[in-house]
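Working notes, structure below.
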There are 2 protein chains.
Amino acid sequence: MSNHEAIGFIDSGVGGLTVIKEALRQLPNERLIYLGDTARCPYGPRPGEQVIQFTWEMTHFLLEKNIKMLVIACNTATAVALDEIKAKLDIPVVGVILPGTRAALKATENNRIGVIGTAGTIKSHAYEAALKRKAPNTIITSLACPKFVPIVESNESHSSVAKKVVSETLGQLQLKKLDTLILGCTHYPILRPLIQNVMGSKVKLIDSGAETVSEVSMLLDYFDIANSPQFKNEPNDFFTTGSAKMFKAIADDWLKQEAINVQQIKLSPFED
Amino acid sequence: MSNHEAIGFIDSGVGGLTVIKEALRQLPNERLIYLGDTARCPYGPRPGEQVIQFTWEMTHFLLEKNIKMLVIACNTATAVALDEIKAKLDIPVVGVILPGTRAALKATENNRIGVIGTAGTIKSHAYEAALKRKAPNTIITSLACPKFVPIVESNESHSSVAKKVVSETLGQLQLKKLDTLILGCTHYPILRPLIQNVMGSKVKLIDSGAETVSEVSMLLDYFDIANSPQFKNEPNDFFTTGSAKMFKAIADDWLKQEAINVQQIKLSPFED
């Protein structure tokens with residue numbers, strides 16, 4: 001492993017691009033490789049065992065690229081697979097749940113925190129457990145939003161359907177007196193304006209992307225594997241198991257970078 | 001090592017209390033043990049080899065207390081001893097220089113960063129190396145301020161002498177167009193109002209304490225060694241090799257906590 005190798009990011013689809021956006025800002029010296037398993041997205045409704053298997057397949061694809069650090073930029077995968085993958089790899093592995101938890105506890109003033117995520121993430125109780133461990137008096141309201149990821153993946157986040165679905169799904173949170181809402185799925189920041197509109201301008205929305213990238217930045221220093229600007233020669237790479245064209249349309253719209261290179265790939269089943 | 005053990009902090013004297021202040025705020029569930037080598041302070045003018053030896057002596061004193069993490073809350077010791085101590089211990093070890101560097105690069109807008117520190121820290125070029133590695137275009141002005149630590153250690157930071165010394169020492173920085181000044185010694189935040197006054201209100205002063213504690217918080221999560229609130233039973237402990245009374249006077253003034261328990265101890269020479 002060398003300081004000049006890339007940082008790998010995996011997600012069930014395009015959601016992890018919200019983490020990439022922050023990484024492009026905070027870590028301009030680093031080369032990034034992203035893999036979205038769009039063909040099998042959403043992960044949210046899948047059984048935990050299957051999510052673990054898919055996450056390992058993505059992980060092995062990126063290990064072949066000699067990544068120096070792995071970011072599981074997917075809450076569903078973090079909830080069920082982070083501990084196992086972190087224990088088995090000899091590179092640092094970062095998930096998105098603890099950073100989101102830290103950011104929410106920093107932001108809340110009334111200790112009423114909401115968590116929205118996929119069915120898998122909400123069922124795992126990963127956010128609740130992490131919040132309760134740090135701050136037992138927190139009052140937590142969790143809500144699965146299974147319709148959000150398909151909207152984002154089909155590039156319909158600007159549509160009137162999106163507006164209607166977000167409004168209907170989150171309406172029940174309005175009476176909970178939340179002052180902080182964790183966007184517990186990396187796809188959700190793409191729906192942020194709609195979510196903010198339903199929740200009201202006073203509710204702080206926690207996008208774990210920024211906090212996750214701060215953790216990555218710190219770990220690059222801690223393990224002394226940060227890259228130097230003069231060695232950033234190769235471009236960032238984006239891979240998807242689904243349509244490269246659809247992925248690129250969403251990535252272009254979200255990241256607003258020139259020349260994003262997206263390749264479609266096939267993942268191989270991995271036997272442990 | 002258990003999640004319920006304390007985090008250890010070491011410094012040449014009372015300077016690391018500026019990091020403790022932030023730790024008390026950000027990590028209310030953690031038990032803290034602090035050791036200041038006041039009897040042999042200042043470290044700044046001492047040869048590097050001696051600083052390394054003293055730092056090992058402090059480290060071994062705290063290892064006897066079963067600390068789960070070590071914070072070298074002293075820039076002089078971080079500059080010369082961090083790499084060696086981090087490589088040899090099997091608990092996480094955190095210094096104050098990289099956190100200060102990250103915070104300064106976040107804060108600067110004109111890329112003109114000043115660094116003030118002890119003679120030892122400035123001579124080590126540790127800040128310059130870290131800043132240049134991350135952002136080669138940074139224009140850095142470094143200045144040793146050997147008179148600052150003795151003022152703080154003798155509890156004269158509110159005196160007219162302090163005002164005069166700070167003004168005379170930092171006067172030469174005023175023409176450098178700095179927008180950010182790293183307080184590259186954990187004693188210096190105690191002189192912050194005087195320093196801000198000389199530098200002008202527009203210059204951002206970087207106290208690495210807050211950023212260091214954020215790193216500690218993240219590493220507690222990363223290594224899964226954070227304490228839970230219900231297990232914080234024992235009080236924080238403060239040790240000094242100098243006068244407990246003088247230490248307590250400064251700690252009371254700075255931390256504004258009730259009932260700070262300070263004990264004087266003797267450090268034993270350590271043979272590697």
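Residues are referred to by chain and number: the chain letter is A, B, ... according to the order shown in the structure tokens, the number counts from 1 in that chain, and ligands are numbered separately from 1 in the order shown.
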
Select, as a JSON list (two decimals) with N, CA, C and O atoms, in the first residue's frame, those residues of chain A with any atom no more than 10 Å from chain B (distances computed using only C-alpha atoms).
```json
[["chain", "number", "residue", "atom", "x", "y", "z"],
["A", 26, "GLN", "N", -12.91, 18.39, 0.15],
["A", 26, "GLN", "CA", -11.99, 18.33, 1.30],
["A", 26, "GLN", "C", -10.65, 17.67, 0.99],
["A", 26, "GLN", "O", -9.68, 17.90, 1.70],
["A", 27, "LEU", "N", -10.62, 16.79, -0.01],
["A", 27, "LEU", "CA", -9.40, 16.00, -0.26],
["A", 27, "LEU", "C", -8.93, 16.13, -1.71],
["A", 27, "LEU", "O", -8.86, 15.16, -2.44],
["A", 28, "PRO", "N", -8.60, 17.37, -2.12],
["A", 28, "PRO", "CA", -8.26, 17.57, -3.53],
["A", 28, "PRO", "C", -7.01, 16.81, -3.98],
["A", 28, "PRO", "O", -6.83, 16.59, -5.17],
["A", 29, "ASN", "N", -6.17, 16.40, -3.03],
["A", 29, "ASN", "CA", -4.94, 15.68, -3.41],
["A", 29, "ASN", "C", -5.15, 14.19, -3.61],
["A", 29, "ASN", "O", -4.23, 13.49, -4.03],
["A", 86, "LYS", "N", -14.21, -4.44, 8.28],
["A", 86, "LYS", "CA", -13.14, -3.72, 8.98],
["A", 86, "LYS", "C", -12.21, -4.71, 9.69],
["A", 86, "LYS", "O", -10.99, -4.54, 9.69],
["A", 92, "PRO", "N", -7.50, 0.76, 6.40],
["A", 92, "PRO", "CA", -8.58, 1.37, 7.19],
["A", 92, "PRO", "C", -9.92, 1.31, 6.45],
["A", 92, "PRO", "O", -9.96, 1.49, 5.23],
["A", 93, "VAL", "N", -10.97, 1.04, 7.19],
["A", 93, "VAL", "CA", -12.31, 0.96, 6.63],
["A", 93, "VAL", "C", -13.23, 1.90, 7.42],
["A", 93, "VAL", "O", -13.25, 1.86, 8.65],
["A", 94, "VAL", "N", -13.97, 2.74, 6.71],
["A", 94, "VAL", "CA", -14.80, 3.76, 7.34],
["A", 94, "VAL", "C", -16.24, 3.58, 6.89],
["A", 94, "VAL", "O", -16.49, 3.36, 5.70],
["A", 95, "GLY", "N", -17.18, 3.67, 7.81],
["A", 95, "GLY", "CA", -18.60, 3.63, 7.46],
["A", 95, "GLY", "C", -19.21, 5.01, 7.60],
["A", 95, "GLY", "O", -18.52, 5.98, 7.93],
["A", 98, "LEU", "N", -21.45, 6.12, 12.17],
["A", 98, "LEU", "CA", -20.89, 6.84, 13.33],
["A", 98, "LEU", "C", -20.63, 8.31, 13.03],
["A", 98, "LEU", "O", -20.95, 9.17, 13.86],
["A", 99, "PRO", "N", -20.08, 8.64, 11.84],
["A", 99, "PRO", "CA", -19.95, 10.08, 11.54],
["A", 99, "PRO", "C", -21.29, 10.82, 11.59],
["A", 99, "PRO", "O", -21.38, 11.92, 12.13],
["A", 102, "ARG", "N", -22.25, 11.33, 15.25],
["A", 102, "ARG", "CA", -21.49, 12.41, 15.89],
["A", 102, "ARG", "C", -22.02, 13.78, 15.46],
["A", 102, "ARG", "O", -22.20, 14.67, 16.29],
["A", 106, "LYS", "N", -23.83, 16.70, 17.84],
["A", 106, "LYS", "CA", -23.29, 18.06, 17.88],
["A", 106, "LYS", "C", -24.40, 19.07, 17.57],
["A", 106, "LYS", "O", -24.45, 20.15, 18.13],
["A", 130, "ALA", "N", -26.10, 3.50, 18.34],
["A", 130, "ALA", "CA", -24.95, 4.41, 18.44],
["A", 130, "ALA", "C", -25.32, 5.69, 19.20],
["A", 130, "ALA", "O", -24.55, 6.18, 20.03],
["A", 132, "LYS", "N", -27.79, 6.07, 21.42],
["A", 132, "LYS", "CA", -28.10, 5.75, 22.82],
["A", 132, "LYS", "C", -26.83, 5.49, 23.63],
["A", 132, "LYS", "O", -26.75, 5.79, 24.82],
["A", 133, "ARG", "N", -25.83, 4.89, 22.96],
["A", 133, "ARG", "CA", -24.59, 4.59, 23.66],
["A", 133, "ARG", "C", -23.87, 5.89, 24.07],
["A", 133, "ARG", "O", -23.31, 5.99, 25.15],
["A", 134, "LYS", "N", -23.93, 6.86, 23.18],
["A", 134, "LYS", "CA", -23.24, 8.12, 23.47],
["A", 134, "LYS", "C", -24.07, 9.05, 24.34],
["A", 134, "LYS", "O", -23.54, 9.79, 25.16],
["A", 135, "ALA", "N", -25.36, 9.07, 24.11],
["A", 135, "ALA", "CA", -26.23, 10.03, 24.80],
["A", 135, "ALA", "C", -27.55, 9.34, 25.12],
["A", 135, "ALA", "O", -28.52, 9.43, 24.35],
["A", 136, "PRO", "N", -27.61, 8.63, 26.26],
["A", 136, "PRO", "CA", -28.78, 7.80, 26.57],
["A", 136, "PRO", "C", -30.09, 8.57, 26.66],
["A", 136, "PRO", "O", -31.16, 7.98, 26.50],
["A", 214, "SER", "N", -14.43, 14.09, 6.79],
["A", 214, "SER", "CA", -13.53, 14.60, 7.84],
["A", 214, "SER", "C", -12.84, 13.43, 8.54],
["A", 214, "SER", "O", -11.65, 13.51, 8.87],
["A", 215, "GLU", "N", -13.58, 12.36, 8.78],
["A", 215, "GLU", "CA", -12.98, 11.18, 9.41],
["A", 215, "GLU", "C", -11.92, 10.57, 8.49],
["A", 215, "GLU", "O", -10.83, 10.21, 8.94],
["A", 217, "SER", "N", -10.16, 12.13, 6.26],
["A", 217, "SER", "CA", -9.03, 13.06, 6.26],
["A", 217, "SER", "C", -8.14, 12.85, 7.49],
["A", 217, "SER", "O", -6.91, 12.82, 7.40],
["A", 218, "MET", "N", -8.78, 12.69, 8.62],
["A", 218, "MET", "CA", -8.06, 12.49, 9.87],
["A", 218, "MET", "C", -7.32, 11.14, 9.87],
["A", 218, "MET", "O", -6.18, 11.04, 10.29],
["A", 219, "LEU", "N", -7.98, 10.11, 9.34],
["A", 219, "LEU", "CA", -7.35, 8.79, 9.32],
["A", 219, "LEU", "C", -6.19, 8.75, 8.31],
["A", 219, "LEU", "O", -5.20, 8.06, 8.53],
["A", 221, "ASP", "N", -4.18, 11.14, 7.86],
["A", 221, "ASP", "CA", -3.08, 11.69, 8.67],
["A", 221, "ASP", "C", -2.64, 10.68, 9.73],
["A", 221, "ASP", "O", -1.45, 10.45, 9.93],
["A", 222, "TYR", "N", -3.62, 10.10, 10.42],
["A", 222, "TYR", "CA", -3.30, 9.22, 11.54],
["A", 222, "TYR", "C", -2.44, 8.04, 11.09],
["A", 222, "TYR", "O", -1.47, 7.67, 11.74],
["A", 226, "ALA", "N", -1.71, 9.91, 3.58],
["A", 226, "ALA", "CA", -2.25, 10.97, 2.71],
["A", 226, "ALA", "C", -1.36, 11.12, 1.47],
["A", 226, "ALA", "O", -0.15, 10.89, 1.53],
["A", 227, "ASN", "N", -1.96, 11.52, 0.39],
["A", 227, "ASN", "CA", -1.21, 11.76, -0.85],
["A", 227, "ASN", "C", -0.70, 13.20, -0.87],
["A", 227, "ASN", "O", -1.23, 14.07, -0.21],
["A", 228, "SER", "N", 0.33, 13.44, -1.64],
["A", 228, "SER", "CA", 0.82, 14.81, -1.82],
["A", 228, "SER", "C", 0.34, 15.31, -3.17],
["A", 228, "SER", "O", 0.19, 14.52, -4.11],
["A", 229, "PRO", "N", 0.10, 16.62, -3.26],
["A", 229, "PRO", "CA", -0.49, 17.18, -4.47],
["A", 229, "PRO", "C", 0.29, 16.81, -5.74],
["A", 229, "PRO", "O", -0.29, 16.53, -6.78],
["A", 230, "GLN", "N", 1.62, 16.77, -5.64],
["A", 230, "GLN", "CA", 2.41, 16.52, -6.85],
["A", 230, "GLN", "C", 2.26, 15.09, -7.38],
["A", 230, "GLN", "O", 2.66, 14.80, -8.49]]
```

Exercise. Quick one: residues within 12 Å of Asp253 in chain A, only C-alpha atoms counted, chain neighbours fewer than 5 positions away excluded, as a PyMOL selection string?
Worked result: chain A and resi 14+17-18+21+152+155-158+190+246-248+258+260

Exercise. Pick the closest to Val213 in chain B from B:Met69, B:Ala251, B:Met58, B:Ala144: which is it, counting only C-alpha atoms?
Worked result: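 Between B:Met69, B:Ala251, B:Met58, B:Ala144, the residue approaching Val213 in chain B most closely is B:Met69.
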
Problem set entry | For range 146-150 of chain B: contacts at 7 Å, only C-alpha atoms, fewer than 2 positions along chain excluded, given as number ranges by chain | B: 42, 118-119, 144, 152-154, 187

May I have the residues from that selection written out with N, CA, C and O atoms, as a CSV table (one decimal), in the first residue's frame?
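As a result, result_7.csv now contains:
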```csv
chain,number,residue,atom,x,y,z
B,42,PRO,N,10.4,25.0,31.0
B,42,PRO,CA,9.9,24.7,29.6
B,42,PRO,C,10.7,23.6,28.9
B,42,PRO,O,11.9,23.5,29.1
B,118,THR,N,7.4,27.2,20.6
B,118,THR,CA,8.7,27.2,21.4
B,118,THR,C,9.8,27.1,20.4
B,118,THR,O,9.7,26.8,19.2
B,119,ALA,N,11.0,27.4,20.9
B,119,ALA,CA,12.2,27.2,20.1
B,119,ALA,C,12.3,25.8,19.5
B,119,ALA,O,12.7,25.6,18.3
B,144,ALA,N,9.7,31.8,16.8
B,144,ALA,CA,9.8,31.2,18.2
B,144,ALA,C,9.5,32.3,19.2
B,144,ALA,O,9.9,33.4,19.1
B,152,VAL,N,3.1,31.9,31.3
B,152,VAL,CA,1.9,31.1,31.6
B,152,VAL,C,2.2,30.3,32.9
B,152,VAL,O,1.3,30.2,33.8
B,153,GLU,N,3.3,29.6,32.9
B,153,GLU,CA,3.6,28.7,34.0
B,153,GLU,C,3.8,29.4,35.4
B,153,GLU,O,3.5,28.8,36.4
B,154,SER,N,4.1,30.7,35.3
B,154,SER,CA,4.2,31.4,36.6
B,154,SER,C,2.9,32.2,36.9
B,154,SER,O,2.9,33.0,37.8
B,187,HIS,N,0.3,26.1,25.5
B,187,HIS,CA,0.3,27.1,26.5
B,187,HIS,C,-0.4,28.4,25.9
B,187,HIS,O,-0.9,29.2,26.7
```

For this session: Please provide the set of residues having any atom within 10 Å of Arg192 in chain A, restricted to only C-alpha atoms, with same-chain residues fewer than 2 positions apart removed, written as a list in words.
Result: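 Counting only the stated atoms, we get Ser157, Val166, Leu183, His187, Tyr188, Pro189, Ile190, Leu194, Ile195, Gln196, Asn197, Val198, Leu205, Ile206 and Asp207 of chain A.
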
Exercise. Which of these, A:Ile91, A:Ala79, A:Ala103, A:Ala244, has the shortest distance to His125 in chain A once you count only C-alpha atoms?
Worked result: A:Ala79

Exercise. In range 50-174 of chain B, what's strand (DSSP E or B) per DSSP? Answer as a ChimeraX atom specification?
Worked result: /B:69-72,93-94,112-117,139-144

Exercise. So what do you get for CA of Pro193 in chain B versus CA of Gly8 in chain B, distance-wise?
Worked result: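 Between CA of Pro193 in chain B and CA of Gly8 in chain B the gap is 28.2 Å.
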
For this session: Please run DSSP on the backbone and report, as a ChimeraX atom specification, all residues within range 62-266 of chain A that come out as helix (DSSP H, G or I).
Result: /A:62-63,75-88,97-107,119-124,126-134,148-153,160-173,188-199,208-222,229-231,244-255

Exercise. Which value, in Å to one decimal, gives the distance between CA of Asn261 in chain B and CA of Ile33 in chain B?
Worked result: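 Spanning CA of Asn261 in chain B to CA of Ile33 in chain B is a straight-line distance of 10.5 Å.
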
For this session: List the neighbours of range 234-243 of chain B out to 8 Å using only C-alpha atoms; skip same-chain residues closer than 4 positions along the sequence, and give me the result as a VMD selection string.
Result: chain B and resid 13 31 to 40 247 260 to 267

Preceding selection exported with C-alpha atoms as a PDB file, in the first residue's frame:
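Okay, this is what ended up in result_5.pdb:
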```pdb
ATOM      1  CA  GLY B  13       3.429  21.901  32.180  1.00  0.00           C
ATOM      2  CA  ARG B  31     -12.343   9.969  32.256  1.00  0.00           C
ATOM      3  CA  LEU B  32      -9.222  12.095  31.791  1.00  0.00           C
ATOM      4  CA  ILE B  33      -5.816  11.794  33.420  1.00  0.00           C
ATOM      5  CA  TYR B  34      -3.398  14.668  32.965  1.00  0.00           C
ATOM      6  CA  LEU B  35       0.302  14.888  33.709  1.00  0.00           C
ATOM      7  CA  GLY B  36       2.258  18.144  33.456  1.00  0.00           C
ATOM      8  CA  ASP B  37       6.035  18.026  33.881  1.00  0.00           C
ATOM      9  CA  THR B  38       6.042  21.476  35.427  1.00  0.00           C
ATOM     10  CA  ALA B  39       9.257  20.867  37.368  1.00  0.00           C
ATOM     11  CA  ARG B  40      11.219  20.578  34.122  1.00  0.00           C
ATOM     12  CA  PHE B 247      -0.836  24.057  39.087  1.00  0.00           C
ATOM     13  CA  ILE B 260      -9.946  19.722  40.596  1.00  0.00           C
ATOM     14  CA  ASN B 261      -7.796  17.131  42.272  1.00  0.00           C
ATOM     15  CA  VAL B 262      -4.047  17.793  41.738  1.00  0.00           C
ATOM     16  CA  GLN B 263      -1.262  15.597  43.095  1.00  0.00           C
ATOM     17  CA  GLN B 264       2.466  16.207  42.939  1.00  0.00           C
ATOM     18  CA  ILE B 265       4.445  13.192  41.727  1.00  0.00           C
ATOM     19  CA  LYS B 266       8.035  12.287  40.850  1.00  0.00           C
ATOM     20  CA  LEU B 267       8.931  10.810  37.474  1.00  0.00           C
TER      21      LEU B 267
END
```

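Minimum distance to Trp56 in chain A across A:Ile97, A:Ser268, A:Gly200, A:Ala249 (counting only C-alpha atoms) occurs at A:Ser268.
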
Skip Ile140 in chain B itself and residues of its chain fewer than 6 positions away, then list as a PDB file with C-alpha atoms, in the first residue's frame all residues within 8 Å of it, counting only C-alpha atoms.
```
ATOM      1  CA  ARG B 112      -0.478  33.095   4.420  1.00  0.00           C
ATOM      2  CA  ILE B 113      -0.190  31.192   7.661  1.00  0.00           C
ATOM      3  CA  GLY B 114       1.910  32.109  10.672  1.00  0.00           C
ATOM      4  CA  VAL B 115       3.195  29.612  13.217  1.00  0.00           C
ATOM      5  CA  GLU B 128       6.120  23.804   7.951  1.00  0.00           C
TER       6      GLU B 128
END
```
